[in-house]
Amino acid sequence: SGQDHEAQPLQLAWHITAHEHSGPEIPCMAAIALARRIARGDVPEAGAFACMGFLSREDFYPQFARWGMVTEVLVEH
């Protein structure tokens, strides 16, 4: 939740549909996406920091495609 480009309240929801009993794969996807970024040389700075915003939805898309998952972002009212 936050504001849209016109400073109006906005709440979005990210939905993931996992077919063929692939839902249990979802929790490991952040670790896979992070490992791929590090392998590309995109290493986080040393030390402790909040992880919010470090990975984007796009970082997860290769794994969603691999497991045949469908995602969508919906505006909630």
# chains A, B, ... in the order shown; residues from 1 in each chain; ligands from 1
>>> residues_around(residues="Glu25 in chain A", least_positions_apart="6", cutoff="12 Å", atoms="only C-alpha atoms", output="list in words")
Ile16, Thr17, Ala18, His19, Ala31, Ile32, Phe60, Gln63, Phe64, Arg66, Trp67, Gly68 and Met69 of chain A
>>> write_last_selection(atoms="C-alpha atoms", output="PDB file, in the first residue's frame")
ATOM      1  CA  ILE A  16       0.720 -16.303  -7.604  1.00  0.00           C
ATOM      2  CA  THR A  17      -1.066 -19.350  -8.988  1.00  0.00           C
ATOM      3  CA  ALA A  18       0.921 -22.557  -8.676  1.00  0.00           C
ATOM      4  CA  HIS A  19      -0.298 -25.566 -10.647  1.00  0.00           C
ATOM      5  CA  ALA A  31      17.254 -17.677  -2.290  1.00  0.00           C
ATOM      6  CA  ILE A  32      17.590 -18.778  -5.927  1.00  0.00           C
ATOM      7  CA  PHE A  60      11.406 -14.198  -9.694  1.00  0.00           C
ATOM      8  CA  GLN A  63      11.547 -19.522 -11.586  1.00  0.00           C
ATOM      9  CA  PHE A  64       7.832 -18.896 -12.104  1.00  0.00           C
ATOM     10  CA  ARG A  66      10.238 -22.953 -14.853  1.00  0.00           C
ATOM     11  CA  TRP A  67       7.429 -24.201 -12.607  1.00  0.00           C
ATOM     12  CA  GLY A  68       4.561 -23.008 -14.841  1.00  0.00           C
ATOM     13  CA  MET A  69       3.292 -20.484 -12.307  1.00  0.00           C
TER      14      MET A  69
END
>>> residues_around(residues="Glu72 in chain A", least_positions_apart="6", cutoff="12 Å", atoms="only C-alpha atoms", output="list of chain:residue names")
A:Leu12, A:Ala13, A:Trp14, A:His15, A:Ile16, A:Thr17, A:Arg57, A:Glu58, A:Tyr61, A:Phe64
>>> atom_distance(atom1="CA of Val75 in chain A", atom2="CA of Ser1 in chain A")
9.8 Å
>>> atom_distance(atom1="CA of Ala35 in chain A", atom2="CA of Gly2 in chain A")
29.5 Å
>>> select_by_dssp(residues="range 36-73 of chain A", states="strand (DSSP E)", output="list in words")
Val70, Thr71, Glu72 and Val73 of chain A
>>> atom_distance(atom1="CA of Ile26 in chain A", atom2="CA of Ala65 in chain A")
12.0 Å
>>> residues_around(residues="range 4-11 of chain A", least_positions_apart="6", cutoff="10 Å", atoms="only C-alpha atoms", output="ChimeraX atom specification")
/A:74-77
>>> decode(residues="range 54-67 of chain A", atoms="all heavy atoms", output="short mmCIF file (atom, residue, chain, number, x, y, z; two decimals), in the first residue's frame")
data_model
loop_
_atom_site.label_atom_id
_atom_site.label_comp_id
_atom_site.auth_asym_id
_atom_site.auth_seq_id
_atom_site.Cartn_x
_atom_site.Cartn_y
_atom_site.Cartn_z
N PHE A 54 15.41 -5.34 -2.31
CA PHE A 54 16.64 -5.85 -2.92
C PHE A 54 16.34 -6.71 -4.14
O PHE A 54 17.07 -6.68 -5.12
CB PHE A 54 17.46 -6.64 -1.91
CG PHE A 54 18.83 -6.96 -2.40
CD1 PHE A 54 19.80 -5.98 -2.50
CD2 PHE A 54 19.16 -8.25 -2.78
CE1 PHE A 54 21.07 -6.27 -2.97
CE2 PHE A 54 20.42 -8.55 -3.26
CZ PHE A 54 21.37 -7.56 -3.35
N LEU A 55 15.26 -7.48 -4.09
CA LEU A 55 14.82 -8.27 -5.24
C LEU A 55 13.53 -7.67 -5.79
O LEU A 55 12.68 -7.22 -5.04
CB LEU A 55 14.57 -9.73 -4.83
CG LEU A 55 15.78 -10.53 -4.38
CD1 LEU A 55 15.35 -11.89 -3.83
CD2 LEU A 55 16.77 -10.70 -5.50
N SER A 56 13.38 -7.71 -7.09
CA SER A 56 12.16 -7.22 -7.73
C SER A 56 11.30 -8.41 -8.17
O SER A 56 11.77 -9.56 -8.18
CB SER A 56 12.51 -6.37 -8.95
OG SER A 56 13.06 -7.19 -9.97
N ARG A 57 10.08 -8.15 -8.55
CA ARG A 57 9.24 -9.23 -9.09
C ARG A 57 9.92 -9.88 -10.29
O ARG A 57 9.86 -11.09 -10.46
CB ARG A 57 7.87 -8.68 -9.52
CG ARG A 57 6.91 -8.48 -8.40
CD ARG A 57 5.48 -8.25 -8.89
NE ARG A 57 5.35 -7.57 -10.15
CZ ARG A 57 5.16 -6.25 -10.28
NH1 ARG A 57 5.11 -5.48 -9.22
NH2 ARG A 57 5.03 -5.72 -11.47
N GLU A 58 10.57 -9.07 -11.11
CA GLU A 58 11.22 -9.59 -12.31
C GLU A 58 12.31 -10.61 -11.98
O GLU A 58 12.59 -11.51 -12.78
CB GLU A 58 11.79 -8.44 -13.15
CG GLU A 58 10.74 -7.58 -13.82
CD GLU A 58 10.03 -6.60 -12.87
OE1 GLU A 58 10.56 -6.32 -11.76
OE2 GLU A 58 8.95 -6.14 -13.23
N ASP A 59 12.93 -10.48 -10.81
CA ASP A 59 13.95 -11.45 -10.40
C ASP A 59 13.36 -12.84 -10.22
O ASP A 59 14.07 -13.84 -10.30
CB ASP A 59 14.63 -11.01 -9.10
CG ASP A 59 15.50 -9.79 -9.26
OD1 ASP A 59 16.22 -9.70 -10.28
OD2 ASP A 59 15.48 -8.92 -8.37
N PHE A 60 12.06 -12.92 -9.94
CA PHE A 60 11.41 -14.20 -9.69
C PHE A 60 10.85 -14.84 -10.97
O PHE A 60 10.57 -16.03 -10.99
CB PHE A 60 10.25 -14.01 -8.69
CG PHE A 60 10.71 -13.70 -7.31
CD1 PHE A 60 11.01 -12.40 -6.94
CD2 PHE A 60 10.86 -14.71 -6.37
CE1 PHE A 60 11.44 -12.10 -5.65
CE2 PHE A 60 11.29 -14.42 -5.08
CZ PHE A 60 11.58 -13.11 -4.73
N TYR A 61 10.67 -14.08 -12.03
CA TYR A 61 9.99 -14.58 -13.23
C TYR A 61 10.62 -15.84 -13.83
O TYR A 61 9.90 -16.72 -14.28
CB TYR A 61 9.85 -13.49 -14.28
CG TYR A 61 8.85 -12.41 -13.92
CD1 TYR A 61 8.93 -11.16 -14.48
CD2 TYR A 61 7.82 -12.65 -13.00
CE1 TYR A 61 8.01 -10.17 -14.16
CE2 TYR A 61 6.92 -11.67 -12.67
CZ TYR A 61 7.01 -10.43 -13.25
OH TYR A 61 6.11 -9.46 -12.92
N PRO A 62 11.96 -15.97 -13.89
CA PRO A 62 12.52 -17.21 -14.45
C PRO A 62 12.07 -18.46 -13.69
O PRO A 62 11.80 -19.50 -14.29
CB PRO A 62 14.03 -17.01 -14.36
CG PRO A 62 14.22 -15.53 -14.36
CD PRO A 62 13.04 -14.99 -13.61
N GLN A 63 11.99 -18.37 -12.37
CA GLN A 63 11.55 -19.52 -11.59
C GLN A 63 10.05 -19.77 -11.77
O GLN A 63 9.62 -20.92 -11.85
CB GLN A 63 11.86 -19.33 -10.10
CG GLN A 63 13.32 -19.47 -9.78
CD GLN A 63 13.85 -20.84 -10.16
OE1 GLN A 63 13.29 -21.88 -9.83
NE2 GLN A 63 14.95 -20.86 -10.91
N PHE A 64 9.26 -18.70 -11.85
CA PHE A 64 7.83 -18.90 -12.10
C PHE A 64 7.63 -19.62 -13.42
O PHE A 64 6.82 -20.54 -13.53
CB PHE A 64 7.09 -17.56 -12.14
CG PHE A 64 7.05 -16.85 -10.82
CD1 PHE A 64 7.02 -15.47 -10.77
CD2 PHE A 64 7.01 -17.54 -9.62
CE1 PHE A 64 6.96 -14.80 -9.56
CE2 PHE A 64 6.96 -16.87 -8.40
CZ PHE A 64 6.93 -15.50 -8.38
N ALA A 65 8.36 -19.20 -14.45
CA ALA A 65 8.24 -19.84 -15.77
C ALA A 65 8.67 -21.30 -15.69
O ALA A 65 8.02 -22.17 -16.28
CB ALA A 65 9.08 -19.09 -16.79
N ARG A 66 9.74 -21.57 -14.97
CA ARG A 66 10.24 -22.95 -14.85
C ARG A 66 9.18 -23.88 -14.26
O ARG A 66 9.06 -25.03 -14.66
CB ARG A 66 11.49 -22.96 -13.98
CG ARG A 66 12.04 -24.33 -13.75
CD ARG A 66 13.34 -24.27 -12.97
NE ARG A 66 13.83 -25.62 -12.79
CZ ARG A 66 14.26 -26.11 -11.65
NH1 ARG A 66 14.29 -25.34 -10.59
NH2 ARG A 66 14.68 -27.34 -11.57
N TRP A 67 8.42 -23.39 -13.29
CA TRP A 67 7.43 -24.20 -12.61
C TRP A 67 6.02 -24.00 -13.15
O TRP A 67 5.06 -24.54 -12.62
CB TRP A 67 7.46 -23.91 -11.11
CG TRP A 67 8.73 -24.39 -10.48
CD1 TRP A 67 9.83 -23.65 -10.19
CD2 TRP A 67 9.04 -25.72 -10.11
NE1 TRP A 67 10.82 -24.44 -9.67
CE2 TRP A 67 10.36 -25.72 -9.60
CE3 TRP A 67 8.34 -26.93 -10.16
CZ2 TRP A 67 10.97 -26.87 -9.14
CZ3 TRP A 67 8.97 -28.07 -9.69
CH2 TRP A 67 10.27 -28.04 -9.20
#
